[in-house]
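**Student:** Sending over a structure as structure tokens; questions will come in a sec.
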Amino acid sequence: MFKIYERWMRINCDVSSVASTSASRVPVNGARLKYNDVMDKKVEKTEEEWKKELTPEQYAVCREKGTERPFTGEYYKSKESGTYKCVACGNELFDSNTKFESGTGWPSFYQPIAADNVETEDDTSYGMRRTEVMCSHCGAHLGHVFPDGPRPTGLRYCINSVALKLDKKNAG
Ligand SMILES: [Zn+2]
């Protein structure tokens with residue numbers, strides 16, 4: 001009986017890991033997926049490695065889910081054209097065309113470059129009910145998404161500047 005169960009588990013896990021590469025990557029019940037188990041191409045590093053690669057500010061936000069103080073970040077009022085990439089792994093996250101002035105003091109976007117490039121998860125920390133936004137490639141915490149954004153999506157991706165790196169478009 002145990003063997004059968006074990007085999008079933010293995011099959012079930014295989015199926016779910018295949019399915020997760022295409023459809024929804026949002027973990028069920030807020031459970032954190034282990035990236036190694038889901039996709040080979042995920043960036044998997046130890047906290048020690050991340051600490052060496054990231055600045056203390058980047059580490060505090062990306063790995064410890066911190067939040068930079070509003071109106072202090074590099075990009076909150078930036079109007080430069082380009083692609084905002086994950087500062088930790090270079091994954092393309094947001095296009096400057098979808099950036100808008102939210103008045104919050106953090107860079108705000110109404111949609112990611114591609115739905116698959118970010119992941120979301122329920123976040124009930126600090127007595128609030130929010131939706132956390134993470135880089136789908138390396139798991140870096142980016143910020144939160146709120147349902148009070150502008151058209152066409154009605155979403156507001158509220159992202160820490162320090163988690164982003166703007167890849168500027170060449171003028172002209
Ligand atoms: Zn990343």
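Naming scheme: A, B, ... for chains in displayed order of the structure tokens; residues 1 onward per chain; ligands 1 onward as shown.
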Please return as a PyMOL selection string: the residues of segment 27-99 of chain A that backbone DSSP assigns to alpha helix (DSSP H).

**Tutor:** chain A and resi 35-38+47-53+56-62

**Student:** Show me which residues sit within 8 Å of ligand 1 when counting only C-alpha atoms and all ligand atoms, and put them as a PyMOL selection string.

**Tutor:** chain A and resi 43+85-91+134-140

**Student:** Quick one: everything within 10 Å of Tyr76 of chain A, counting only C-alpha atoms, minus sequence neighbours fewer than 2 positions away in the same chain. Send it as a list in words.

**Tutor:**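 What passes the distance filter is Pro70, Phe71, Thr72, Gly73, Glu74, Ser78, Lys79, Lys99, Phe100, Glu101, Ser102, Gly103, Thr104, Gly105, Trp106, Pro107, Ser108, Cys158, Ile159, Asn160 and Ser161 of chain A.
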
**Student:** With a distance cut-off of 10 Å and only C-alpha atoms, select the neighbouring residues of Glu80 of chain A, excluding the residue or stretch itself and same-chain residues fewer than 4 positions from it, and output the selection as a PyMOL selection string.

**Tutor:** chain A and resi 75+96-97+99+166-169+171

**Student:** Include C-alpha atoms and write out the residues we just selected as a short mmCIF file (atom, residue, chain, number, x, y, z; two decimals), in the first residue's frame.

**Tutor:**
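As a result, out-v3.cif now contains:
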```cif
data_model
loop_
_atom_site.label_atom_id
_atom_site.label_comp_id
_atom_site.auth_asym_id
_atom_site.auth_seq_id
_atom_site.Cartn_x
_atom_site.Cartn_y
_atom_site.Cartn_z
CA TYR A 75 12.50 55.53 -10.29
CA SER A 96 7.96 52.23 -19.10
CA ASN A 97 4.88 52.65 -21.34
CA LYS A 99 4.19 53.33 -15.82
CA LEU A 166 15.88 50.39 -15.88
CA ASP A 167 17.29 49.30 -19.21
CA LYS A 168 16.97 52.55 -21.13
CA LYS A 169 15.87 52.60 -24.73
CA ALA A 171 16.73 57.76 -28.05
#
```

**Student:** Near Thr124 of chain A, counting only C-alpha atoms, which residues have an atom at most 12 Å away, once you skip same-chain residues fewer than 5 positions from it, shown as a list in words?

**Tutor:**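 Those residues are Gly30, Arg129, Arg130, Thr131, Glu132 and His144 of chain A.
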
**Student:** Take the residues that were just selected and, keeping C-alpha atoms, output them as a CSV table (one decimal), in the first residue's frame.

**Tutor:**
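Writing done, so here's selection-v9.csv:
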```csv
chain,number,residue,atom,x,y,z
A,30,GLY,CA,-0.3,30.8,-0.4
A,129,ARG,CA,-4.7,41.9,3.2
A,130,ARG,CA,-2.4,42.5,0.2
A,131,THR,CA,-1.2,40.7,-2.9
A,132,GLU,CA,2.6,40.4,-3.1
A,144,HIS,CA,2.4,44.6,-4.1
```

**Student:** Write out as an MDAnalysis selection string all residues of segment 44-172 of chain A that DSSP puts in strand (DSSP E or B) for this structure's backbone.

**Tutor:** chainID A and resid 82:86 92:95 99:100 108:109 118:123 130:135 141:146 156:159 164:168

**Student:** Rank A:Lys45, A:Lys77, A:Lys52, A:His141 by their smallest atom-to-atom distance to Ala163 of chain A, using only C-alpha atoms, and report the top residue only.

**Tutor:** A:His141

**Student:** Please, what distance in Å, to one decimal, runs between atom CA of Lys65 of chain A and atom CA of Pro112 of chain A?

**Tutor:**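 Taking atom CA of Lys65 of chain A and atom CA of Pro112 of chain A, their separation equals 19.1 Å.
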
**Student:** Can you pull out every residue within 7 Å of Arg156 of chain A, counting only C-alpha atoms, but drop anything in the same chain fewer than 4 positions away, and send it as a list in words?

**Tutor:**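 Returned residues: Ser108, Phe109, Tyr110, Val145, Phe146, Pro147, Asp148 and Gly149 of chain A.
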
**Student:** What separation in Å, quoted to one decimal, exists between atom CA of Cys62 of chain A and atom CA of Tyr126 of chain A?

**Tutor:** 17.7 Å
